[in-house]
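Structure file entry39.cif; described as mmCIF, C-alpha atoms and all ligand atoms.
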```cif
data_data
#
loop_
_atom_site.group_PDB
_atom_site.id
_atom_site.type_symbol
_atom_site.label_atom_id
_atom_site.label_comp_id
_atom_site.auth_asym_id
_atom_site.auth_seq_id
_atom_site.Cartn_x
_atom_site.Cartn_y
_atom_site.Cartn_z
ATOM 1 C CA MET A 55 0.000 0.000 0.000
ATOM 2 C CA SER A 56 1.287 3.485 -0.807
ATOM 3 C CA ASP A 57 1.927 5.997 1.977
ATOM 4 C CA ARG A 58 -0.989 8.295 2.776
ATOM 5 C CA TYR A 59 -0.837 12.070 3.049
ATOM 6 C CA ALA A 60 -3.593 14.681 3.122
ATOM 7 C CA VAL A 61 -4.439 18.331 3.563
ATOM 8 C CA MET A 62 -6.851 19.191 6.378
ATOM 9 C CA GLY A 63 -8.789 22.442 6.413
ATOM 10 C CA ASN A 64 -12.188 24.095 6.376
ATOM 11 C CA PRO A 65 -12.909 24.918 3.614
ATOM 12 C CA VAL A 66 -10.600 22.644 1.657
ATOM 13 C CA ALA A 67 -12.485 21.870 -1.557
ATOM 14 C CA HIS A 68 -10.523 24.453 -3.574
ATOM 15 C CA SER A 69 -7.116 23.119 -2.498
ATOM 16 C CA LYS A 70 -4.615 22.413 -5.261
ATOM 17 C CA SER A 71 -2.349 20.457 -2.919
ATOM 18 C CA PRO A 72 -3.519 16.970 -4.044
ATOM 19 C CA GLN A 73 -2.710 17.814 -7.661
ATOM 20 C CA ILE A 74 0.663 19.319 -6.730
ATOM 21 C CA HIS A 75 1.754 16.365 -4.592
ATOM 22 C CA GLN A 76 0.563 13.873 -7.192
ATOM 23 C CA LEU A 77 2.749 15.615 -9.761
ATOM 24 C CA PHE A 78 5.706 15.593 -7.338
ATOM 25 C CA ALA A 79 5.159 11.884 -6.656
ATOM 26 C CA GLU A 80 5.079 11.014 -10.362
ATOM 27 C CA GLN A 81 8.152 13.108 -11.057
ATOM 28 C CA THR A 82 10.194 11.529 -8.237
ATOM 29 C CA GLY A 83 8.826 7.987 -8.570
ATOM 30 C CA GLN A 84 7.375 7.963 -5.053
ATOM 31 C CA ALA A 85 4.395 5.749 -4.231
ATOM 32 C CA LEU A 86 2.004 7.876 -2.220
ATOM 33 C CA SER A 87 -1.593 9.046 -2.104
ATOM 34 C CA TYR A 88 -2.716 12.550 -1.116
ATOM 35 C CA GLU A 89 -6.285 13.511 -0.313
ATOM 36 C CA LYS A 90 -8.319 16.491 0.954
ATOM 37 C CA ILE A 91 -10.031 16.149 4.314
ATOM 38 C CA LEU A 92 -12.733 18.630 5.311
ATOM 39 C CA VAL A 93 -12.552 18.878 9.096
ATOM 40 C CA PRO A 94 -15.550 20.276 11.030
ATOM 41 C CA LEU A 95 -14.623 23.182 13.317
ATOM 42 C CA GLY A 96 -13.600 21.938 16.757
ATOM 43 C CA GLU A 97 -12.789 18.424 15.521
ATOM 44 C CA PHE A 98 -9.182 18.839 14.431
ATOM 45 C CA GLN A 99 -7.681 16.569 17.087
ATOM 46 C CA GLN A 100 -10.095 13.700 16.368
ATOM 47 C CA ALA A 101 -9.599 14.008 12.623
ATOM 48 C CA LEU A 102 -5.838 13.974 13.018
ATOM 49 C CA GLU A 103 -5.874 10.897 15.256
ATOM 50 C CA ALA A 104 -8.224 9.058 12.896
ATOM 51 C CA PHE A 105 -5.937 9.806 9.961
ATOM 52 C CA ARG A 106 -2.821 8.743 11.827
ATOM 53 C CA ASP A 107 -4.439 5.564 13.174
ATOM 54 C CA SER A 108 -5.401 4.578 9.646
ATOM 55 C CA GLY A 109 -1.755 4.710 8.571
ATOM 56 C CA GLY A 110 -1.342 8.376 7.596
ATOM 57 C CA LYS A 111 2.288 9.512 7.359
ATOM 58 C CA GLY A 112 1.942 13.270 7.239
ATOM 59 C CA LEU A 113 -0.402 16.206 6.788
ATOM 60 C CA ASN A 114 -0.627 19.666 5.383
ATOM 61 C CA ILE A 115 -2.736 21.951 7.515
ATOM 62 C CA THR A 116 -4.585 24.946 6.186
ATOM 63 C CA VAL A 117 -7.038 27.549 7.469
ATOM 64 C CA PRO A 118 -8.256 27.579 10.237
ATOM 65 C CA PHE A 119 -6.214 24.825 11.905
ATOM 66 C CA LYS A 120 -2.601 26.031 11.669
ATOM 67 C CA GLN A 121 -2.485 27.025 15.326
ATOM 68 C CA ASP A 122 -4.175 23.785 16.448
ATOM 69 C CA ALA A 123 -1.522 21.915 14.485
ATOM 70 C CA ARG A 124 1.188 23.748 16.361
ATOM 71 C CA GLU A 125 -0.383 22.657 19.637
ATOM 72 C CA VAL A 126 -0.620 18.939 18.768
ATOM 73 C CA ALA A 127 2.993 18.737 17.585
ATOM 74 C CA HIS A 128 5.444 17.292 20.143
ATOM 75 C CA SER A 129 8.248 19.316 18.584
ATOM 76 C CA VAL A 130 8.253 22.151 16.066
ATOM 77 C CA SER A 131 10.888 23.821 13.923
ATOM 78 C CA GLU A 132 12.179 27.220 14.948
ATOM 79 C CA ARG A 133 10.489 28.851 11.927
ATOM 80 C CA ALA A 134 7.127 27.340 12.951
ATOM 81 C CA ARG A 135 7.551 28.400 16.569
ATOM 82 C CA ALA A 136 8.390 31.973 15.641
ATOM 83 C CA GLY A 137 5.681 32.107 12.994
ATOM 84 C CA GLY A 138 3.065 30.823 15.446
ATOM 85 C CA ALA A 139 1.660 28.302 12.966
ATOM 86 C CA VAL A 140 2.274 24.854 11.546
ATOM 87 C CA ASN A 141 1.329 23.900 7.989
ATOM 88 C CA THR A 142 3.159 20.555 7.815
ATOM 89 C CA LEU A 143 2.984 17.608 10.205
ATOM 90 C CA LEU A 144 5.185 14.532 10.064
ATOM 91 C CA PHE A 145 4.146 11.405 11.975
ATOM 92 C CA GLU A 146 7.442 9.942 13.141
ATOM 93 C CA SER A 147 7.881 6.197 13.560
ATOM 94 C CA ASN A 148 8.363 6.612 17.346
ATOM 95 C CA GLY A 149 4.839 8.050 17.644
ATOM 96 C CA ARG A 150 5.933 11.652 17.960
ATOM 97 C CA ILE A 151 4.526 14.415 15.766
ATOM 98 C CA PHE A 152 6.884 16.981 14.239
ATOM 99 C CA GLY A 153 5.479 20.319 13.052
ATOM 100 C CA ASP A 154 6.970 22.746 10.579
ATOM 101 C CA ASN A 155 5.886 25.773 8.574
ATOM 102 C CA THR A 156 7.003 25.861 4.952
ATOM 103 C CA ASP A 157 5.018 28.943 3.855
ATOM 104 C CA GLY A 158 7.768 31.496 4.383
ATOM 105 C CA THR A 159 10.406 29.341 2.733
ATOM 106 C CA GLY A 160 7.987 28.866 -0.164
ATOM 107 C CA LEU A 161 7.608 32.631 -0.542
ATOM 108 C CA VAL A 162 11.357 33.297 -0.357
ATOM 109 C CA ARG A 163 12.160 30.517 -2.839
ATOM 110 C CA ASP A 164 9.536 31.645 -5.323
ATOM 111 C CA LEU A 165 10.957 35.166 -5.240
ATOM 112 C CA ARG A 166 14.595 34.062 -5.405
ATOM 113 C CA ASN A 167 14.608 30.914 -7.550
ATOM 114 C CA ASN A 168 11.777 31.653 -9.947
ATOM 115 C CA HIS A 169 11.955 35.446 -10.228
ATOM 116 C CA ALA A 170 15.535 36.382 -9.243
ATOM 117 C CA VAL A 171 14.247 38.690 -6.480
ATOM 118 C CA HIS A 172 16.723 38.707 -3.584
ATOM 119 C CA LEU A 173 15.691 40.136 -0.232
ATOM 120 C CA ALA A 174 19.120 40.762 1.297
ATOM 121 C CA GLY A 175 19.669 44.452 1.957
ATOM 122 C CA LYS A 176 16.203 45.410 0.663
ATOM 123 C CA ARG A 177 13.499 47.531 2.232
ATOM 124 C CA ILE A 178 10.442 45.316 2.505
ATOM 125 C CA LEU A 179 6.850 46.369 3.142
ATOM 126 C CA ILE A 180 4.355 43.708 4.102
ATOM 127 C CA LEU A 181 0.635 44.488 4.062
ATOM 128 C CA GLY A 182 -1.445 42.816 6.761
ATOM 129 C CA ALA A 183 -0.700 41.545 10.251
ATOM 130 C CA GLY A 184 -2.724 38.326 10.472
ATOM 131 C CA GLY A 185 -1.705 34.698 10.746
ATOM 132 C CA ALA A 186 -0.506 34.461 7.149
ATOM 133 C CA VAL A 187 1.927 37.348 7.601
ATOM 134 C CA ARG A 188 3.226 36.135 10.944
ATOM 135 C CA GLY A 189 3.842 32.700 9.420
ATOM 136 C CA VAL A 190 6.194 34.019 6.737
ATOM 137 C CA LEU A 191 8.073 36.627 8.798
ATOM 138 C CA PRO A 192 10.792 34.258 10.116
ATOM 139 C CA ALA A 193 11.802 33.293 6.583
ATOM 140 C CA LEU A 194 11.807 36.923 5.409
ATOM 141 C CA LEU A 195 13.995 37.945 8.353
ATOM 142 C CA GLY A 196 16.337 35.063 7.592
ATOM 143 C CA GLU A 197 17.184 36.677 4.251
ATOM 144 C CA LEU A 198 18.617 39.718 6.076
ATOM 145 C CA PRO A 199 16.714 42.568 4.430
ATOM 146 C CA GLU A 200 17.634 46.133 5.405
ATOM 147 C CA SER A 201 14.266 46.558 7.135
ATOM 148 C CA ILE A 202 10.735 45.176 7.300
ATOM 149 C CA THR A 203 7.714 47.426 7.722
ATOM 150 C CA ILE A 204 4.379 45.813 8.574
ATOM 151 C CA ALA A 205 1.382 47.979 7.659
ATOM 152 C CA ASN A 206 -2.112 47.025 8.751
ATOM 153 C CA ARG A 207 -5.652 48.425 8.806
ATOM 154 C CA THR A 208 -5.706 47.819 12.563
ATOM 155 C CA GLU A 209 -2.490 49.581 13.454
ATOM 156 C CA THR A 210 -2.112 48.045 16.919
ATOM 157 C CA LYS A 211 -1.899 44.544 15.417
ATOM 158 C CA ALA A 212 0.969 45.652 13.184
ATOM 159 C CA ILE A 213 2.811 47.206 16.111
ATOM 160 C CA GLU A 214 2.310 44.113 18.260
ATOM 161 C CA LEU A 215 3.446 41.767 15.504
ATOM 162 C CA ALA A 216 6.544 43.850 14.783
ATOM 163 C CA ALA A 217 7.420 43.763 18.490
ATOM 164 C CA LEU A 218 7.385 39.939 18.436
ATOM 165 C CA PHE A 219 10.194 39.958 15.901
ATOM 166 C CA ASN A 220 12.693 41.772 17.975
ATOM 167 C CA ALA A 221 15.476 40.954 15.584
ATOM 168 C CA LYS A 222 18.872 42.407 14.818
ATOM 169 C CA LEU A 223 17.336 44.368 11.955
ATOM 170 C CA PRO A 224 14.509 46.920 12.123
ATOM 171 C CA VAL A 225 10.948 45.570 12.036
ATOM 172 C CA LYS A 226 8.306 48.228 12.545
ATOM 173 C CA GLY A 227 4.521 48.263 12.480
ATOM 174 C CA CYS A 228 2.187 51.074 11.382
ATOM 175 C CA GLY A 229 -1.138 51.977 9.805
ATOM 176 C CA TYR A 230 -1.459 52.659 6.063
ATOM 177 C CA ASP A 231 -1.706 56.407 6.571
ATOM 178 C CA ALA A 232 1.752 56.451 8.169
ATOM 179 C CA LEU A 233 3.487 55.004 5.099
ATOM 180 C CA GLY A 234 5.764 57.856 4.062
ATOM 181 C CA GLU A 235 8.730 56.061 2.488
ATOM 182 C CA ARG A 236 9.354 53.966 -0.620
ATOM 183 C CA PHE A 237 10.113 50.241 -0.701
ATOM 184 C CA ASP A 238 11.979 47.735 -2.896
ATOM 185 C CA ILE A 239 9.569 44.877 -2.274
ATOM 186 C CA VAL A 240 5.895 45.061 -1.278
ATOM 187 C CA ILE A 241 4.157 41.838 -0.243
ATOM 188 C CA ASN A 242 0.386 41.687 0.138
ATOM 189 C CA GLY A 243 -0.468 39.326 2.994
ATOM 190 C CA THR A 244 -3.987 40.654 3.654
ATOM 191 C CA SER A 245 -7.157 38.786 2.816
ATOM 192 C CA ALA A 246 -8.633 41.996 1.337
ATOM 193 C CA GLY A 247 -8.277 40.710 -2.235
ATOM 194 C CA LEU A 248 -10.612 37.802 -1.535
ATOM 195 C CA THR A 249 -13.464 40.320 -1.527
ATOM 196 C CA GLY A 250 -11.944 42.356 -4.354
ATOM 197 C CA GLU A 251 -10.617 45.039 -2.014
ATOM 198 C CA LEU A 252 -7.243 46.674 -1.601
ATOM 199 C CA PRO A 253 -5.757 48.356 1.465
ATOM 200 C CA PRO A 254 -5.629 52.178 1.082
ATOM 201 C CA LEU A 255 -2.088 52.491 -0.274
ATOM 202 C CA PRO A 256 -0.356 55.806 -0.989
ATOM 203 C CA HIS A 257 0.739 56.354 -4.611
ATOM 204 C CA THR A 258 4.358 56.958 -3.617
ATOM 205 C CA LEU A 259 5.153 53.527 -2.247
ATOM 206 C CA LEU A 260 7.491 51.923 -4.758
ATOM 207 C CA ARG A 261 11.148 52.553 -5.416
ATOM 208 C CA GLU A 262 12.297 52.319 -9.010
ATOM 209 C CA GLY A 263 12.523 48.657 -10.047
ATOM 210 C CA ALA A 264 10.336 47.528 -7.117
ATOM 211 C CA SER A 265 8.788 44.054 -6.993
ATOM 212 C CA CYS A 266 5.253 43.423 -5.751
ATOM 213 C CA TYR A 267 4.044 40.041 -4.568
ATOM 214 C CA ASP A 268 0.497 38.962 -3.735
ATOM 215 C CA MET A 269 0.477 35.938 -1.431
ATOM 216 C CA VAL A 270 -2.870 34.877 -2.866
ATOM 217 C CA TYR A 271 -3.584 33.635 -6.363
ATOM 218 C CA GLY A 272 -6.733 33.096 -8.342
ATOM 219 C CA ASP A 273 -8.039 35.845 -10.572
ATOM 220 C CA ILE A 274 -5.257 36.950 -12.864
ATOM 221 C CA PRO A 275 -4.213 39.593 -12.184
ATOM 222 C CA THR A 276 -5.286 40.027 -8.566
ATOM 223 C CA VAL A 277 -6.453 43.454 -7.378
ATOM 224 C CA PHE A 278 -3.041 44.035 -5.803
ATOM 225 C CA GLN A 279 -1.206 42.965 -8.959
ATOM 226 C CA GLN A 280 -3.316 45.469 -10.895
ATOM 227 C CA TRP A 281 -2.359 48.178 -8.418
ATOM 228 C CA ALA A 282 1.321 47.228 -8.807
ATOM 229 C CA LEU A 283 1.167 47.389 -12.600
ATOM 230 C CA GLU A 284 -0.572 50.773 -12.480
ATOM 231 C CA HIS A 285 2.226 52.041 -10.217
ATOM 232 C CA ASP A 286 5.056 50.904 -12.507
ATOM 233 C CA ALA A 287 6.313 47.956 -10.469
ATOM 234 C CA ALA A 288 9.029 46.019 -12.294
ATOM 235 C CA LEU A 289 7.378 42.767 -11.221
ATOM 236 C CA ALA A 290 3.790 42.052 -10.132
ATOM 237 C CA LEU A 291 3.590 38.440 -8.990
ATOM 238 C CA ASP A 292 0.832 36.276 -7.560
ATOM 239 C CA GLY A 293 1.181 33.513 -4.963
ATOM 240 C CA LEU A 294 0.938 30.460 -7.204
ATOM 241 C CA GLY A 295 4.694 29.897 -7.110
ATOM 242 C CA MET A 296 4.684 30.206 -3.320
ATOM 243 C CA LEU A 297 1.967 27.551 -3.148
ATOM 244 C CA VAL A 298 4.044 25.089 -5.157
ATOM 245 C CA GLU A 299 7.307 25.938 -3.381
ATOM 246 C CA GLN A 300 5.810 25.464 0.098
ATOM 247 C CA ALA A 301 4.415 22.142 -1.061
ATOM 248 C CA ALA A 302 7.849 21.094 -2.329
ATOM 249 C CA GLU A 303 9.356 21.858 1.073
ATOM 250 C CA SER A 304 6.618 19.775 2.774
ATOM 251 C CA PHE A 305 7.343 16.957 0.313
ATOM 252 C CA PHE A 306 11.011 17.161 1.289
ATOM 253 C CA ILE A 307 10.147 16.948 5.011
ATOM 254 C CA TRP A 308 8.083 13.803 4.379
ATOM 255 C CA ARG A 309 10.094 12.064 1.687
ATOM 256 C CA GLY A 310 13.630 13.499 1.858
ATOM 257 C CA ILE A 311 13.527 14.451 -1.834
ATOM 258 C CA SER A 312 13.212 17.944 -3.343
ATOM 259 C CA PRO A 313 11.002 17.859 -6.431
ATOM 260 C CA ASP A 314 11.509 20.153 -9.404
ATOM 261 C CA THR A 315 8.906 22.891 -8.963
ATOM 262 C CA ALA A 316 9.093 24.655 -12.349
ATOM 263 C CA PRO A 317 7.140 22.084 -14.397
ATOM 264 C CA VAL A 318 4.472 21.859 -11.678
ATOM 265 C CA ILE A 319 4.013 25.638 -11.560
ATOM 266 C CA GLU A 320 3.696 25.531 -15.346
ATOM 267 C CA VAL A 321 0.965 22.855 -15.260
ATOM 268 C CA LEU A 322 -1.059 24.828 -12.695
ATOM 269 C CA ARG A 323 -0.562 28.089 -14.548
ATOM 270 C CA GLN A 324 -1.831 26.548 -17.781
ATOM 271 C CA ALA A 325 -4.853 25.081 -15.997
ATOM 272 C CA MET A 326 -5.745 28.559 -14.683
ATOM 273 C CA ALA A 327 -5.397 30.278 -18.066
HETATM 274 P P1 LIG B 401 -4.946 35.295 7.557
HETATM 275 O O1 LIG B 401 -4.894 33.974 8.217
HETATM 276 O O2 LIG B 401 -5.278 35.251 6.082
HETATM 277 O O3 LIG B 401 -3.753 36.131 7.823
HETATM 278 P P2 LIG B 401 -6.344 36.975 9.397
HETATM 279 O O4 LIG B 401 -5.455 36.538 10.510
HETATM 280 O O5 LIG B 401 -7.811 37.119 9.625
HETATM 281 O O6 LIG B 401 -6.231 36.006 8.165
HETATM 282 O O7 LIG B 401 -5.746 38.356 8.831
HETATM 283 C C1 LIG B 401 -6.331 39.013 7.749
HETATM 284 C C2 LIG B 401 -5.502 40.249 7.437
HETATM 285 O O8 LIG B 401 -6.057 40.909 6.288
HETATM 286 C C3 LIG B 401 -5.486 41.280 8.543
HETATM 287 O O9 LIG B 401 -4.250 41.951 8.516
HETATM 288 C C4 LIG B 401 -6.630 42.209 8.143
HETATM 289 O O10 LIG B 401 -6.544 43.510 8.677
HETATM 290 P P3 LIG B 401 -7.128 43.816 10.169
HETATM 291 O O11 LIG B 401 -6.139 43.233 11.122
HETATM 292 O O12 LIG B 401 -7.224 45.275 10.246
HETATM 293 O O13 LIG B 401 -8.473 43.124 10.230
HETATM 294 C C5 LIG B 401 -6.411 42.247 6.655
HETATM 295 N N1 LIG B 401 -7.614 42.642 5.888
HETATM 296 C C6 LIG B 401 -8.718 41.902 5.640
HETATM 297 N N2 LIG B 401 -9.599 42.581 4.885
HETATM 298 C C7 LIG B 401 -9.045 43.802 4.646
HETATM 299 C C8 LIG B 401 -9.449 44.953 3.913
HETATM 300 N N3 LIG B 401 -10.627 45.004 3.268
HETATM 301 N N4 LIG B 401 -8.613 46.018 3.872
HETATM 302 C C9 LIG B 401 -7.415 45.985 4.515
HETATM 303 N N5 LIG B 401 -6.975 44.916 5.219
HETATM 304 C C10 LIG B 401 -7.771 43.841 5.291
#
```
Represent the structure from my file as structure tokens, please.
Amino acid sequence: MSDRYAVMGNPVAHSKSPQIHQLFAEQTGQALSYEKILVPLGEFQQALEAFRDSGGKGLNITVPFKQDAREVAHSVSERARAGGAVNTLLFESNGRIFGDNTDGTGLVRDLRNNHAVHLAGKRILILGAGGAVRGVLPALLGELPESITIANRTETKAIELAALFNAKLPVKGCGYDALGERFDIVINGTSAGLTGELPPLPHTLLREGASCYDMVYGDIPTVFQQWALEHDAALALDGLGMLVEQAAESFFIWRGISPDTAPVIEVLRQAMA
């Protein structure tokens, strides 16, 4: 029997993870199955135990269970601890559960490997201060940018989040109306785009040659990508590459093999066209 993996979430129907992991498995010659499991709210622990007891080897965890996943893990990576969320669980043979978060690494790798955008020494602005942003901050900090500014509709959340990342380099939080400087890289980590909205951004936000990245994908271009193009960004990217890169890092945690992401991104991109 092939090893079983799954993504758990609510909702989960839209998830592309089964398709991505199936493509990775074919490419690397690994025998595994990967399914979607819709978990009712409040039943994460039971669902996880049922999956593990039926021979499951590992899980991806999506909204709204990433914090629950962190709590059930016996040990977590440093990036998952600092990010406050777990998106990958590995059921170890000794019965212990290891938790990791591959989202931030996925974002950094998509920027660097697929788009030649390097974060070292750059001034980064990240929009939003929710769970998705917190999850990727450790990986962004690890690239040693010059500074990270977190802007959020609810200013206090941005200030609190920035204070958590009391790193060697400046991380500051503010509201959108306080954004007076220009940035090299602007990352949209809000959920505003899901309802077709955009945070109130000043027109003078981008340095020459700036890159903009929307952590979500779907409609092409997203509302934030449209904003970036209208404001002369050199690059206006969506989050499809991040999705595939984070999956590849999960695949590596489970199987010890790094799949080639480029052909998988291409398949998904074509399917969305
Ligand atoms: P996620 O898990 O996707 O991060 P979340 O923790 O609910 O979800 O965070 C959503 C983020 O999107 C928050 O930063 C939220 O801003 P507030 O903290 O002020 O609520 C932001 N957001 C959602 N809708 C928005 C909108 N229409 N305009 C600006 N920001 C928005």
- Query: Smallest atom-to-atom distance to ligand LIG 401 (chain B): which of A:Glu214, A:Glu132, A:Glu80, A:Asp154, using only C-alpha atoms and all ligand atoms?
  - Reply: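 Nearest candidate to ligand LIG 401 (chain B) out of A:Glu214, A:Glu132, A:Glu80, A:Asp154: A:Glu214.
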Could you give me the residues within 10 Å of ligand LIG 401 (chain B), counting all atoms listed in the file, as a tab-separated table (two decimals) with C-alpha atoms, keeping the file's coordinate frame?
```
chain	number	residue	atom	x	y	z
A	116	THR	CA	-4.58	24.95	6.19
A	117	VAL	CA	-7.04	27.55	7.47
A	118	PRO	CA	-8.26	27.58	10.24
A	119	PHE	CA	-6.21	24.82	11.90
A	120	LYS	CA	-2.60	26.03	11.67
A	139	ALA	CA	1.66	28.30	12.97
A	180	ILE	CA	4.36	43.71	4.10
A	181	LEU	CA	0.64	44.49	4.06
A	182	GLY	CA	-1.44	42.82	6.76
A	183	ALA	CA	-0.70	41.54	10.25
A	184	GLY	CA	-2.72	38.33	10.47
A	185	GLY	CA	-1.70	34.70	10.75
A	186	ALA	CA	-0.51	34.46	7.15
A	187	VAL	CA	1.93	37.35	7.60
A	188	ARG	CA	3.23	36.14	10.94
A	189	GLY	CA	3.84	32.70	9.42
A	204	ILE	CA	4.38	45.81	8.57
A	205	ALA	CA	1.38	47.98	7.66
A	206	ASN	CA	-2.11	47.02	8.75
A	207	ARG	CA	-5.65	48.42	8.81
A	208	THR	CA	-5.71	47.82	12.56
A	209	GLU	CA	-2.49	49.58	13.45
A	210	THR	CA	-2.11	48.04	16.92
A	211	LYS	CA	-1.90	44.54	15.42
A	212	ALA	CA	0.97	45.65	13.18
A	229	GLY	CA	-1.14	51.98	9.80
A	230	TYR	CA	-1.46	52.66	6.06
A	242	ASN	CA	0.39	41.69	0.14
A	243	GLY	CA	-0.47	39.33	2.99
A	244	THR	CA	-3.99	40.65	3.65
A	245	SER	CA	-7.16	38.79	2.82
A	246	ALA	CA	-8.63	42.00	1.34
A	247	GLY	CA	-8.28	40.71	-2.24
A	248	LEU	CA	-10.61	37.80	-1.54
A	249	THR	CA	-13.46	40.32	-1.53
A	250	GLY	CA	-11.94	42.36	-4.35
A	251	GLU	CA	-10.62	45.04	-2.01
A	252	LEU	CA	-7.24	46.67	-1.60
A	253	PRO	CA	-5.76	48.36	1.46
A	254	PRO	CA	-5.63	52.18	1.08
A	255	LEU	CA	-2.09	52.49	-0.27
A	269	MET	CA	0.48	35.94	-1.43
A	270	VAL	CA	-2.87	34.88	-2.87
```
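Atom pair CA of Ile307 (chain A) / CA of Leu86 (chain A): separated by 14.2 Å.
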- Counting only C-alpha atoms, the option among A:Leu215, A:Ala79, A:Ala325, A:Ala123 closest to Asn141 (chain A):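 Using only C-alpha atoms, Asn141 (chain A) sits closest to A:Ala123.
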- Task: Mind checking which residues fall within 10 Å of Thr203 (chain A), counting only C-alpha atoms, ignoring those fewer than 6 positions away in the same chain, and posting them as number ranges by chain?
- Result: A: 177-181, 212-213, 216, 224-228, 233, 237, 240
The PyMOL selection byres (((chain A and resi 144) around 9) and not hetatm) applied to the shown file, residues as a PDB file with C-alpha atoms, keeping the file's coordinate frame:
```
ATOM      1  CA  LYS A 111       2.288   9.512   7.359  1.00  0.00           C
ATOM      2  CA  GLY A 112       1.942  13.270   7.239  1.00  0.00           C
ATOM      3  CA  LEU A 113      -0.402  16.206   6.788  1.00  0.00           C
ATOM      4  CA  ALA A 127       2.993  18.737  17.585  1.00  0.00           C
ATOM      5  CA  THR A 142       3.159  20.555   7.815  1.00  0.00           C
ATOM      6  CA  LEU A 143       2.984  17.608  10.205  1.00  0.00           C
ATOM      7  CA  PHE A 145       4.146  11.405  11.975  1.00  0.00           C
ATOM      8  CA  GLU A 146       7.442   9.942  13.141  1.00  0.00           C
ATOM      9  CA  ARG A 150       5.933  11.652  17.960  1.00  0.00           C
ATOM     10  CA  ILE A 151       4.526  14.415  15.766  1.00  0.00           C
ATOM     11  CA  PHE A 152       6.884  16.981  14.239  1.00  0.00           C
ATOM     12  CA  GLY A 153       5.479  20.319  13.052  1.00  0.00           C
ATOM     13  CA  ASP A 154       6.970  22.746  10.579  1.00  0.00           C
ATOM     14  CA  ILE A 307      10.147  16.948   5.011  1.00  0.00           C
ATOM     15  CA  TRP A 308       8.083  13.803   4.379  1.00  0.00           C
TER      16      TRP A 308
END
```
- Query: Which of these, A:Ala264, A:Ala316, A:Ile74, A:Met55, has the shortest distance to Val171 (chain A) once you count only C-alpha atoms?
  - Reply: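 Among A:Ala264, A:Ala316, A:Ile74, A:Met55, it is A:Ala264 that comes nearest to Val171 (chain A).
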- Pairwise distance for CA of Asp157 (chain A) and CA of Glu284 (chain A), rounded to one decimal in Å: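 About the pair CA of Asp157 (chain A) and CA of Glu284 (chain A): they are 27.8 Å apart.
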- Residues matched by the PyMOL selection byres (((chain A and resi 286-288) around 12) and not hetatm) as a list in words: His169, Val171, Arg236, Phe237, Asp238, Ile239, Val240, His257, Thr258, Leu259, Leu260, Arg261, Glu262, Gly263, Ala264, Ser265, Cys266, Tyr267, Phe278, Gln279, Gln280, Trp281, Ala282, Leu283, Glu284, His285, Leu289, Ala290 and Leu291 of chain A
